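Peer 1: My structure file protein_27.txt, compact mmCIF, C-alpha atoms, is below:
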```txt
# COMPACT_ATOMS: atom_id res chain seq x y z
CA ALA A 1 22.23 -2.72 20.40
CA ARG A 2 23.56 0.06 22.62
CA SER A 3 21.64 3.11 23.82
CA THR A 4 24.57 4.98 25.45
CA PRO A 5 28.11 5.91 24.34
CA ASN A 6 30.83 3.41 25.18
CA GLY A 7 33.82 5.53 26.16
CA ILE A 8 36.73 3.74 27.93
CA ALA A 9 39.47 4.93 30.24
CA GLU A 10 43.09 5.25 29.18
CA ALA A 11 44.72 1.80 28.90
CA ALA A 12 41.50 0.12 30.01
CA ALA A 13 40.54 -3.37 28.92
CA ILE A 14 38.77 -3.75 25.62
CA PRO A 15 34.99 -3.80 26.24
CA ASP A 16 32.97 -6.93 25.66
CA SER A 17 31.69 -7.28 22.15
CA VAL A 18 28.04 -6.83 21.28
CA LYS A 19 26.53 -9.73 19.37
CA SER A 20 23.52 -8.94 17.25
CA THR A 21 20.49 -11.20 17.14
CA TYR A 22 18.99 -11.73 13.70
CA ALA A 23 15.36 -12.51 13.00
CA THR A 24 14.12 -14.00 9.76
CA PHE A 25 10.80 -13.81 8.02
CA THR A 26 9.55 -15.09 4.72
CA HIS A 27 7.35 -13.69 2.00
CA LYS A 28 6.34 -15.46 -1.16
CA PRO A 29 5.25 -13.62 -4.31
CA LYS A 30 1.52 -13.80 -4.98
CA THR A 31 -0.42 -13.71 -8.21
CA GLN A 32 -3.37 -11.48 -9.01
CA MET A 33 -5.24 -12.32 -12.18
CA ASP A 34 -8.35 -10.71 -13.64
CA VAL A 35 -10.04 -12.58 -16.51
CA PHE A 36 -12.71 -11.44 -18.95
CA GLU A 37 -14.60 -13.28 -21.67
CA VAL A 38 -16.56 -12.36 -24.81
CA GLY A 39 -18.98 -14.81 -26.42
CA GLN A 40 -19.04 -15.60 -30.14
CA VAL A 41 -22.27 -13.77 -31.02
CA GLN A 42 -21.29 -10.58 -29.21
CA GLY A 43 -17.86 -10.72 -30.80
CA MET A 44 -19.36 -11.07 -34.28
CA LEU A 45 -21.83 -8.22 -33.73
CA SER A 46 -18.90 -5.94 -32.85
CA ALA A 47 -17.96 -5.86 -36.54
CA TYR A 48 -21.15 -4.01 -37.51
CA ASP A 49 -21.69 -0.26 -37.52
CA ASP A 50 -23.06 1.29 -34.31
CA ALA A 51 -22.35 -1.91 -32.37
CA LEU A 52 -20.23 -1.95 -29.25
CA ASP A 53 -16.75 -3.37 -29.81
CA ALA A 54 -17.14 -5.77 -26.90
CA TRP A 55 -13.62 -7.18 -27.02
CA GLN A 56 -11.90 -3.78 -27.04
CA SER A 57 -14.28 -2.42 -24.41
CA GLU A 58 -13.70 -5.36 -22.04
CA ARG A 59 -9.94 -5.21 -22.56
CA GLU A 60 -9.81 -1.54 -21.59
CA GLU A 61 -12.22 -2.02 -18.68
CA PHE A 62 -10.26 -4.89 -17.18
CA SER A 63 -6.95 -3.09 -17.63
CA ALA A 64 -8.26 -0.38 -15.29
CA LEU A 65 -9.97 -2.92 -13.03
CA HIS A 66 -6.76 -4.93 -12.58
CA ALA A 67 -4.87 -1.83 -11.40
CA GLU A 68 -7.74 -0.84 -9.09
CA MET A 69 -7.92 -4.29 -7.52
CA ILE A 70 -4.19 -4.15 -6.75
CA ASN A 71 -4.87 -0.84 -5.00
CA VAL A 72 -7.78 -2.38 -3.09
CA ALA A 73 -5.56 -5.25 -1.91
CA LEU A 74 -2.82 -2.87 -0.77
CA THR A 75 -5.30 -0.78 1.28
CA THR A 76 -7.29 -3.61 2.89
CA ASP A 77 -8.03 -3.51 6.63
CA VAL A 78 -5.65 -5.22 9.10
CA THR A 79 -8.55 -7.45 10.12
CA THR A 80 -8.69 -9.06 6.66
CA VAL A 81 -5.96 -11.70 6.44
CA ALA A 82 -4.39 -11.48 3.01
CA SER A 83 -4.49 -15.18 2.10
CA ASN A 84 -3.82 -15.33 -1.69
CA ASN A 85 -4.11 -11.56 -2.09
CA PHE A 86 -1.27 -9.07 -1.77
CA GLU A 87 -0.52 -7.94 1.77
CA SER A 88 -1.89 -4.54 2.75
CA LEU A 89 -0.33 -1.42 4.22
CA ASP A 90 -2.77 -1.57 7.13
CA ARG A 91 -1.46 -5.04 8.03
CA VAL A 92 2.21 -4.12 7.62
CA VAL A 93 1.70 -0.97 9.72
CA SER A 94 0.20 -2.76 12.70
CA SER A 95 1.40 -3.74 16.17
CA TYR A 96 0.85 -5.69 19.36
CA ALA A 97 -0.69 -2.53 20.88
CA GLU A 98 -3.27 -2.35 18.09
CA VAL A 99 -4.21 -6.01 18.55
CA THR A 100 -4.58 -5.78 22.34
CA ASN A 101 -6.30 -2.38 22.55
CA CYS A 102 -8.53 -2.14 19.49
CA GLY A 103 -11.59 -4.36 19.69
CA ASP A 104 -11.94 -4.64 15.93
CA VAL A 105 -8.57 -6.45 15.62
CA ASP A 106 -8.56 -10.09 16.70
CA ALA A 107 -5.65 -12.31 17.71
CA ASN A 108 -3.57 -13.34 14.68
CA ASP A 109 -5.04 -10.57 12.49
CA ALA A 110 -1.78 -8.61 12.53
CA ASP A 111 0.51 -11.63 12.13
CA ILE A 112 2.43 -11.23 8.89
CA TYR A 113 5.29 -12.97 7.01
CA GLY A 114 5.18 -15.71 9.65
CA LEU A 115 5.79 -13.18 12.47
CA ASP A 116 3.68 -13.34 15.63
CA ARG A 117 2.51 -9.88 16.67
CA ASP A 118 -0.20 -10.76 19.20
CA ALA A 119 1.93 -12.41 21.93
CA ALA A 120 4.07 -9.44 23.00
CA ALA A 121 5.54 -6.18 21.77
CA THR A 122 8.50 -6.91 19.48
CA TRP A 123 10.81 -5.37 16.88
CA ALA A 124 8.15 -6.26 14.29
CA ASP A 125 5.72 -3.63 15.61
CA ALA A 126 4.98 -0.53 13.59
CA THR A 127 3.88 2.64 15.36
CA VAL A 128 0.10 2.83 15.63
CA ASN A 129 -1.57 5.89 17.15
CA HIS A 130 -5.00 4.53 18.11
CA ASN A 131 -7.84 5.39 20.45
CA SER A 132 -8.92 1.83 21.30
CA ASN A 133 -11.31 1.70 18.33
CA THR A 134 -13.18 4.83 19.51
CA ASN A 135 -13.18 7.68 17.02
CA ARG A 136 -11.70 11.02 18.15
CA SER A 137 -11.37 14.37 16.44
CA LEU A 138 -8.57 14.84 13.94
CA THR A 139 -6.07 17.46 15.17
CA LEU A 140 -2.75 18.78 13.93
CA SER A 141 -1.22 17.54 17.18
CA LEU A 142 -2.29 13.97 16.35
CA ILE A 143 -1.04 14.29 12.78
CA ASN A 144 2.33 15.57 13.97
CA THR A 145 2.90 12.50 16.14
CA LEU A 146 3.45 10.45 12.97
CA PRO A 147 6.64 12.05 11.60
CA ARG A 148 8.02 12.39 15.13
CA ASP A 149 7.60 8.65 15.68
CA VAL A 150 9.20 7.81 12.33
CA PHE A 151 12.18 10.06 13.08
CA ALA A 152 12.49 8.68 16.62
CA ASN A 153 12.86 5.16 15.24
CA GLY A 154 15.61 6.07 12.78
CA GLY A 155 13.45 6.60 9.72
CA THR A 156 12.72 9.58 7.48
CA PRO A 157 9.13 10.30 6.43
CA LYS A 158 8.93 9.98 2.65
CA VAL A 159 5.20 10.09 2.00
CA TYR A 160 1.79 10.43 3.67
CA LEU A 161 -1.10 8.32 2.41
CA THR A 162 -4.71 8.96 3.32
CA LYS A 163 -8.25 9.28 1.99
CA HIS A 164 -9.87 12.35 0.45
CA ASP A 165 -12.12 13.05 3.47
CA THR A 166 -9.14 13.13 5.85
CA TYR A 167 -7.25 15.36 3.44
CA MET A 168 -10.15 17.85 3.38
CA ALA A 169 -10.45 17.86 7.18
CA TRP A 170 -6.66 18.27 7.44
CA ASN A 171 -6.81 21.22 5.04
CA GLU A 172 -9.51 22.88 7.14
CA LEU A 173 -7.30 22.56 10.23
CA LEU A 174 -4.44 24.24 8.39
CA GLN A 175 -6.63 27.07 7.09
CA SER A 176 -7.86 27.84 10.60
CA ASN A 177 -4.22 28.40 11.53
CA GLN A 178 -3.56 30.42 8.36
CA SER A 179 -1.32 27.63 7.09
CA TYR A 180 -1.67 25.70 3.85
CA PHE A 181 -0.41 22.63 2.09
CA GLY A 182 2.65 23.23 -0.06
CA GLU A 183 3.10 21.74 -3.49
CA LYS A 184 6.03 20.18 -5.29
CA PRO A 185 6.70 17.68 -8.10
CA TYR A 186 6.68 14.10 -6.86
CA MET A 187 8.61 11.47 -8.77
CA ALA A 188 7.88 7.82 -8.14
CA THR A 189 10.89 5.58 -7.60
CA TYR A 190 11.17 1.82 -7.86
CA ASN A 191 13.70 0.19 -5.54
CA GLY A 192 15.59 3.49 -5.49
CA VAL A 193 15.58 3.96 -9.28
CA GLU A 194 14.10 7.21 -10.58
CA THR A 195 11.76 7.00 -13.54
CA VAL A 196 13.09 10.19 -15.15
CA ALA A 197 16.74 11.09 -15.66
CA PRO A 198 18.11 13.86 -13.39
CA GLY A 199 17.92 17.31 -14.95
CA TYR A 200 14.55 16.71 -16.61
CA ASP A 201 11.15 17.70 -15.28
CA GLY A 202 9.10 14.69 -14.35
CA GLY A 203 6.63 13.22 -11.92
CA PHE A 204 3.39 14.98 -10.95
CA ALA A 205 2.45 17.83 -8.64
CA VAL A 206 1.25 16.84 -5.17
CA SER A 207 0.40 18.60 -1.94
CA THR A 208 3.04 18.50 0.77
CA TYR A 209 2.94 18.83 4.55
CA LEU A 210 6.20 19.91 6.19
CA GLY A 211 7.86 19.07 2.88
CA VAL A 212 6.52 15.50 2.74
CA PRO A 213 4.23 14.54 -0.20
CA VAL A 214 0.60 13.70 0.60
CA LEU A 215 -0.92 11.00 -1.63
CA LEU A 216 -4.62 10.16 -1.74
CA SER A 217 -6.48 6.92 -2.40
CA LYS A 218 -10.22 6.38 -2.36
CA ASP A 219 -9.64 2.84 -1.08
CA VAL A 220 -7.88 3.76 2.19
CA LEU A 221 -9.82 2.33 5.14
CA ASP A 222 -12.37 4.73 6.61
CA ASP A 223 -13.20 4.65 10.35
CA SER A 224 -15.23 7.85 10.37
CA LEU A 225 -12.38 9.57 8.53
CA GLY A 226 -9.82 7.73 6.45
CA ARG A 227 -6.72 6.44 8.21
CA LEU A 228 -3.46 8.34 7.76
CA TYR A 229 -0.13 6.62 7.12
CA CYS A 230 3.34 8.16 7.35
CA LEU A 231 5.77 5.90 5.51
CA ASP A 232 9.50 5.62 5.04
CA THR A 233 9.52 3.98 1.63
CA ASP A 234 13.17 2.97 2.01
CA TYR A 235 11.79 0.25 4.28
CA ILE A 236 8.56 -0.75 2.59
CA GLU A 237 8.12 -1.65 -1.07
CA PHE A 238 6.01 -3.60 -3.52
CA ARG A 239 8.40 -6.17 -4.96
CA VAL A 240 7.47 -7.28 -8.46
CA LEU A 241 8.42 -10.72 -9.73
CA GLN A 242 6.46 -10.26 -12.95
CA PRO A 243 5.14 -6.87 -14.11
CA THR A 244 1.55 -6.81 -15.31
CA LYS A 245 1.22 -9.13 -18.30
CA TYR A 246 -1.67 -9.48 -20.74
CA TYR A 247 -2.90 -12.79 -22.19
CA GLU A 248 -5.61 -13.59 -24.70
CA THR A 249 -6.81 -16.77 -26.37
CA GLY A 250 -6.83 -15.20 -29.82
CA ILE A 251 -9.01 -13.04 -32.00
CA ASP A 252 -10.27 -15.94 -34.12
CA ILE A 253 -12.59 -17.90 -31.83
CA SER A 254 -12.56 -20.93 -34.14
CA GLN A 255 -8.86 -21.46 -33.37
CA ASP A 256 -9.45 -21.69 -29.64
CA ILE A 257 -12.80 -23.43 -29.22
CA TRP A 258 -11.23 -26.67 -27.98
CA ALA A 259 -8.80 -24.93 -25.65
CA ASN A 260 -11.56 -22.78 -24.19
CA GLY A 261 -14.11 -25.55 -23.90
CA LYS A 262 -16.70 -23.06 -25.16
CA VAL A 263 -17.32 -20.76 -28.10
CA SER A 264 -15.80 -17.58 -26.70
CA ASP A 265 -12.60 -15.61 -26.36
CA LYS A 266 -10.85 -14.90 -23.06
CA GLY A 267 -8.35 -12.27 -21.98
CA ALA A 268 -6.51 -11.82 -18.69
CA TYR A 269 -4.21 -9.44 -16.83
CA GLU A 270 -1.72 -10.95 -14.38
CA THR A 271 0.69 -9.37 -11.88
CA ILE A 272 3.03 -11.32 -9.58
CA GLY A 273 4.61 -9.67 -6.55
CA GLU A 274 4.13 -8.86 -2.88
CA LEU A 275 4.14 -5.90 -0.49
CA VAL A 276 7.20 -6.25 1.74
CA GLY A 277 7.74 -4.33 4.98
CA LEU A 278 11.31 -4.22 6.28
CA GLY A 279 11.76 -1.62 9.02
CA PHE A 280 8.36 -1.95 10.70
CA ASN A 281 8.97 0.70 13.36
CA ARG A 282 9.83 3.23 10.65
CA GLN A 283 6.18 3.19 9.53
CA ALA A 284 3.38 4.96 11.41
CA LYS A 285 -0.42 4.95 11.29
CA LEU A 286 -3.09 7.22 12.72
CA ARG A 287 -6.50 5.59 13.10
CA ASP A 288 -9.84 6.04 14.94
CA LEU A 289 -10.56 9.49 13.50
CA THR A 290 -13.58 11.69 13.00
CA THR A 291 -14.20 15.38 12.28
```
Translate the structure described by the file into structure tokens.
Peer 2:
Amino acid sequence: ARSTPNGIAEAAAIPDSVKSTYATFTHKPKTQMDVFEVGQVQGMLSAYDDALDAWQSEREEFSALHAEMINVALTTDVTTVASNNFESLDRVVSSYAEVTNCGDVDANDADIYGLDRDAAATWADATVNHNSNTNRSLTLSLINTLPRDVFANGGTPKVYLTKHDTYMAWNELLQSNQSYFGEKPYMATYNGVETVAPGYDGGFAVSTYLGVPVLLSKDVLDDSLGRLYCLDTDYIEFRVLQPTKYYETGIDISQDIWANGKVSDKGAYETIGELVGLGFNRQAKLRDLTT
């Protein structure tokens, strides 16, 4: 790639061509499955007045649990290799600098999709603003490095993600400067497809900082304050091979006793997909924070 204009003189020779180098990486969809089970006696008691409907209760509980566990996987620390779980944002938004300077990150921790990120700085590095695993005070100056880095690498900040404690500390910094979070409707998109047709109100109201939505998750990694991510979602996405699917052995236990190997009913929620990072340097992370 070029970093300067390539003007040529009148009637000059045609410049040499530039030949791009392509890198490849692989990602295979992974399966998350959460299974619950209700025994025969408890299932039969559910039919009586004032008794807990165990099957319905477990089905609702595990529906919420399945979604939460996907969120937990997506917000897991860079130091936890994904293995059979979905990759995490903290691992996608990592770098050679984080591996070599932060004592909590070991060699190979940040390697992802078959890419080596502990040998040298490469195109596969995201932007990580760290303090060598030593917590420092959150400041607006630190926060503002994130969108600048995303813009500098050709991206456009689409969303911030952080934890509630960081959001509250961030809000206090703004109030001390007589500034406040804005608010606007935020509409989720999937691979560029809007969930509501144009011209109709949709989405949900979220806080914004410099026009960029701020989303919160209780599962974001906490150093002393939660880490803060600035993401260009054109270059990072959760690719779904199979949307969440529900299975059950059947309401009549007697029909499934041989298949189950026991006198009980089972239900399960299953999702198949993977978190895929594309433009790594268009993603930024702020870590090692405290109040």
Peer 1: Kindly give the distance, in Å, that separates atom CA of Glu37 of chain A and atom CA of Ser88 of chain A, rounded to a single decimal.
Peer 2: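 Between atom CA of Glu37 of chain A and atom CA of Ser88 of chain A the gap works out to 28.9 Å.
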Peer 1: Excluding Ser141 of chain A and any residue of its chain fewer than 2 positions from it, enumerate the residues within 12 Å of it, using all atoms listed in the file, and give them as a PDB file with C-alpha atoms, keeping the file's coordinate frame.
Peer 2:
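For reference, around_31.pdb as written:
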```pdb
ATOM      1  CA  ASN A 129      -1.570   5.890  17.150  1.00  0.00           C
ATOM      2  CA  SER A 137     -11.370  14.370  16.440  1.00  0.00           C
ATOM      3  CA  LEU A 138      -8.570  14.840  13.940  1.00  0.00           C
ATOM      4  CA  THR A 139      -6.070  17.460  15.170  1.00  0.00           C
ATOM      5  CA  ILE A 143      -1.040  14.290  12.780  1.00  0.00           C
ATOM      6  CA  ASN A 144       2.330  15.570  13.970  1.00  0.00           C
ATOM      7  CA  THR A 145       2.900  12.500  16.140  1.00  0.00           C
ATOM      8  CA  LEU A 146       3.450  10.450  12.970  1.00  0.00           C
ATOM      9  CA  PRO A 147       6.640  12.050  11.600  1.00  0.00           C
ATOM     10  CA  ARG A 148       8.020  12.390  15.130  1.00  0.00           C
ATOM     11  CA  TRP A 170      -6.660  18.270   7.440  1.00  0.00           C
ATOM     12  CA  LEU A 173      -7.300  22.560  10.230  1.00  0.00           C
ATOM     13  CA  LEU A 174      -4.440  24.240   8.390  1.00  0.00           C
ATOM     14  CA  LEU A 286      -3.090   7.220  12.720  1.00  0.00           C
TER      15      LEU A 286
END
```
Peer 1: Here is a test: counting all atoms listed in the file, which residue of A:Lys218, A:His164, A:Lys158, A:His27 is nearest to Gly277 of chain A?
Peer 2: A:His27
Peer 1: To one decimal in Å, tell me the separation between atom CA of Gly114 of chain A and atom CA of Thr24 of chain A.
Peer 2: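 So the two atoms, atom CA of Gly114 of chain A and atom CA of Thr24 of chain A, lie 9.1 Å apart.
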Peer 1: Counting only C-alpha atoms, which residues sit no farther than 8 Å from the position (-7.4, -17.7, -20.5) in the file's frame? I'd like them as a PyMOL selection string.
Peer 2: chain A and resi 35+247-249+260+266-268
Peer 1: Select, counting only C-alpha atoms, all protein, DNA and RNA residues no farther than 9 Å from (8.2, 5.3, 1.4) in file coordinates, and express the selection as a PyMOL selection string.
Peer 2: chain A and resi 156-160+230-237+283
Peer 1: Got a sec: who's within 12 Å of Phe62 of chain A, counting all atoms listed in the file, leaving out chain neighbours fewer than 4 positions off, as number ranges by chain?
Peer 2: A: 33-37, 54-58, 66-69, 246-247, 266-270
Peer 1: Record the distance separating atom CA of Val128 of chain A and atom CA of Val99 of chain A, expressed in Å with one decimal.
Peer 2: 10.3 Å
Peer 1: Out of A:Asn85, A:Thr79, A:Thr244, A:Asn133, which residue has the shortest atom-to-atom distance to Cys102 of chain A when counting all atoms listed in the file?
Peer 2: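 So, comparing all the options, the nearest one is A:Asn133.
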Peer 1: Under the rule that only C-alpha atoms are counted, which of A:Gln175, A:Ser217, A:Gln32, A:Thr127 is the nearest residue to Thr75 of chain A?
Peer 2: A:Ser217
Peer 1: For Asn281 of chain A, which residue among A:Ala126, A:Ala23, A:Val72, A:Val263 is the nearest when counting all atoms listed in the file?
Peer 2: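 Closest candidate: A:Ala126.
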Peer 1: I need the residue nearest Met168 of chain A from this list: A:Thr291, A:Gln242, A:Asn84, A:Ser94. Use only C-alpha atoms for the distance.
Peer 2: A:Thr291
Peer 1: Using all atoms listed in the file, which protein or nucleic acid residues come within 12 Å of Asn131 of chain A? Drop anything in the same chain fewer than 6 positions from it, and give the result as a PyMOL selection string.
Peer 2: chain A and resi 97-98+100-104+137-138+142+223+285-290
Peer 1: Export segment 145-156 of chain A, all heavy atoms, as a PDB file, in the first residue's frame; it's the structure right above.
Peer 2:
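Saved file result_39.pdb follows:
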```pdb
ATOM      1  N   THR A 145      -9.013   8.895  23.035  1.00  0.00           N
ATOM      2  CA  THR A 145      -8.017   8.250  22.163  1.00  0.00           C
ATOM      3  C   THR A 145      -8.667   7.166  21.304  1.00  0.00           C
ATOM      4  O   THR A 145      -8.179   6.871  20.206  1.00  0.00           O
ATOM      5  CB  THR A 145      -6.884   7.605  22.978  1.00  0.00           C
ATOM      6  OG1 THR A 145      -7.405   6.552  23.804  1.00  0.00           O
ATOM      7  CG2 THR A 145      -6.165   8.639  23.830  1.00  0.00           C
ATOM      8  N   LEU A 146      -9.753   6.567  21.800  1.00  0.00           N
ATOM      9  CA  LEU A 146     -10.347   5.431  21.093  1.00  0.00           C
ATOM     10  C   LEU A 146     -10.911   5.813  19.733  1.00  0.00           C
ATOM     11  O   LEU A 146     -10.540   5.228  18.713  1.00  0.00           O
ATOM     12  CB  LEU A 146     -11.408   4.768  21.968  1.00  0.00           C
ATOM     13  CG  LEU A 146     -10.922   4.178  23.298  1.00  0.00           C
ATOM     14  CD1 LEU A 146     -12.082   3.507  24.019  1.00  0.00           C
ATOM     15  CD2 LEU A 146      -9.795   3.181  23.080  1.00  0.00           C
ATOM     16  N   PRO A 147     -11.838   6.792  19.648  1.00  0.00           N
ATOM     17  CA  PRO A 147     -12.348   7.131  18.318  1.00  0.00           C
ATOM     18  C   PRO A 147     -11.264   7.688  17.407  1.00  0.00           C
ATOM     19  O   PRO A 147     -11.293   7.465  16.186  1.00  0.00           O
ATOM     20  CB  PRO A 147     -13.447   8.163  18.599  1.00  0.00           C
ATOM     21  CG  PRO A 147     -13.145   8.702  19.958  1.00  0.00           C
ATOM     22  CD  PRO A 147     -12.510   7.574  20.705  1.00  0.00           C
ATOM     23  N   ARG A 148     -10.296   8.415  17.973  1.00  0.00           N
ATOM     24  CA  ARG A 148      -9.209   8.931  17.132  1.00  0.00           C
ATOM     25  C   ARG A 148      -8.432   7.802  16.484  1.00  0.00           C
ATOM     26  O   ARG A 148      -8.080   7.855  15.300  1.00  0.00           O
ATOM     27  CB  ARG A 148      -8.256   9.805  17.968  1.00  0.00           C
ATOM     28  CG  ARG A 148      -8.788  11.182  18.291  1.00  0.00           C
ATOM     29  CD  ARG A 148      -7.669  12.144  18.654  1.00  0.00           C
ATOM     30  NE  ARG A 148      -6.961  11.713  19.853  1.00  0.00           N
ATOM     31  CZ  ARG A 148      -7.241  12.153  21.067  1.00  0.00           C
ATOM     32  NH1 ARG A 148      -8.231  13.002  21.269  1.00  0.00           N
ATOM     33  NH2 ARG A 148      -6.538  11.734  22.108  1.00  0.00           N
ATOM     34  N   ASP A 149      -8.167   6.744  17.255  1.00  0.00           N
ATOM     35  CA  ASP A 149      -7.425   5.608  16.711  1.00  0.00           C
ATOM     36  C   ASP A 149      -8.229   4.877  15.645  1.00  0.00           C
ATOM     37  O   ASP A 149      -7.688   4.431  14.633  1.00  0.00           O
ATOM     38  CB  ASP A 149      -7.046   4.638  17.831  1.00  0.00           C
ATOM     39  CG  ASP A 149      -5.963   5.196  18.742  1.00  0.00           C
ATOM     40  OD1 ASP A 149      -5.195   6.061  18.282  1.00  0.00           O
ATOM     41  OD2 ASP A 149      -5.892   4.777  19.908  1.00  0.00           O
ATOM     42  N   VAL A 150      -9.533   4.724  15.876  1.00  0.00           N
ATOM     43  CA  VAL A 150     -10.384   4.057  14.890  1.00  0.00           C
ATOM     44  C   VAL A 150     -10.401   4.854  13.592  1.00  0.00           C
ATOM     45  O   VAL A 150     -10.228   4.302  12.494  1.00  0.00           O
ATOM     46  CB  VAL A 150     -11.807   3.863  15.439  1.00  0.00           C
ATOM     47  CG1 VAL A 150     -12.733   3.322  14.347  1.00  0.00           C
ATOM     48  CG2 VAL A 150     -11.797   2.903  16.629  1.00  0.00           C
ATOM     49  N   PHE A 151     -10.595   6.172  13.693  1.00  0.00           N
ATOM     50  CA  PHE A 151     -10.595   7.023  12.504  1.00  0.00           C
ATOM     51  C   PHE A 151      -9.244   6.973  11.789  1.00  0.00           C
ATOM     52  O   PHE A 151      -9.172   6.903  10.553  1.00  0.00           O
ATOM     53  CB  PHE A 151     -10.914   8.471  12.872  1.00  0.00           C
ATOM     54  CG  PHE A 151     -12.375   8.766  13.051  1.00  0.00           C
ATOM     55  CD1 PHE A 151     -12.859   9.289  14.245  1.00  0.00           C
ATOM     56  CD2 PHE A 151     -13.276   8.540  12.018  1.00  0.00           C
ATOM     57  CE1 PHE A 151     -14.204   9.566  14.413  1.00  0.00           C
ATOM     58  CE2 PHE A 151     -14.631   8.812  12.172  1.00  0.00           C
ATOM     59  CZ  PHE A 151     -15.092   9.332  13.374  1.00  0.00           C
ATOM     60  N   ALA A 152      -8.155   7.004  12.560  1.00  0.00           N
ATOM     61  CA  ALA A 152      -6.817   7.023  11.971  1.00  0.00           C
ATOM     62  C   ALA A 152      -6.528   5.771  11.162  1.00  0.00           C
ATOM     63  O   ALA A 152      -5.727   5.803  10.223  1.00  0.00           O
ATOM     64  CB  ALA A 152      -5.768   7.185  13.075  1.00  0.00           C
ATOM     65  N   ASN A 153      -7.193   4.674  11.490  1.00  0.00           N
ATOM     66  CA  ASN A 153      -6.967   3.415  10.786  1.00  0.00           C
ATOM     67  C   ASN A 153      -8.030   3.135   9.722  1.00  0.00           C
ATOM     68  O   ASN A 153      -8.156   2.006   9.251  1.00  0.00           O
ATOM     69  CB  ASN A 153      -6.897   2.270  11.791  1.00  0.00           C
ATOM     70  CG  ASN A 153      -5.638   2.320  12.626  1.00  0.00           C
ATOM     71  OD1 ASN A 153      -4.548   2.523  12.108  1.00  0.00           O
ATOM     72  ND2 ASN A 153      -5.777   2.151  13.927  1.00  0.00           N
ATOM     73  N   GLY A 154      -8.787   4.164   9.358  1.00  0.00           N
ATOM     74  CA  GLY A 154      -9.735   4.023   8.262  1.00  0.00           C
ATOM     75  C   GLY A 154     -11.109   3.544   8.661  1.00  0.00           C
ATOM     76  O   GLY A 154     -11.940   3.269   7.789  1.00  0.00           O
ATOM     77  N   GLY A 155     -11.376   3.451   9.962  1.00  0.00           N
ATOM     78  CA  GLY A 155     -12.681   3.004  10.417  1.00  0.00           C
ATOM     79  C   GLY A 155     -13.567   4.162  10.835  1.00  0.00           C
ATOM     80  O   GLY A 155     -13.149   5.326  10.822  1.00  0.00           O
ATOM     81  N   THR A 156     -14.784   3.838  11.214  1.00  0.00           N
ATOM     82  CA  THR A 156     -15.734   4.822  11.745  1.00  0.00           C
ATOM     83  C   THR A 156     -16.361   4.240  13.002  1.00  0.00           C
ATOM     84  O   THR A 156     -16.972   3.173  12.939  1.00  0.00           O
ATOM     85  CB  THR A 156     -16.847   5.129  10.730  1.00  0.00           C
ATOM     86  OG1 THR A 156     -16.262   5.624   9.518  1.00  0.00           O
ATOM     87  CG2 THR A 156     -17.798   6.172  11.285  1.00  0.00           C
TER      88      THR A 156
END
```
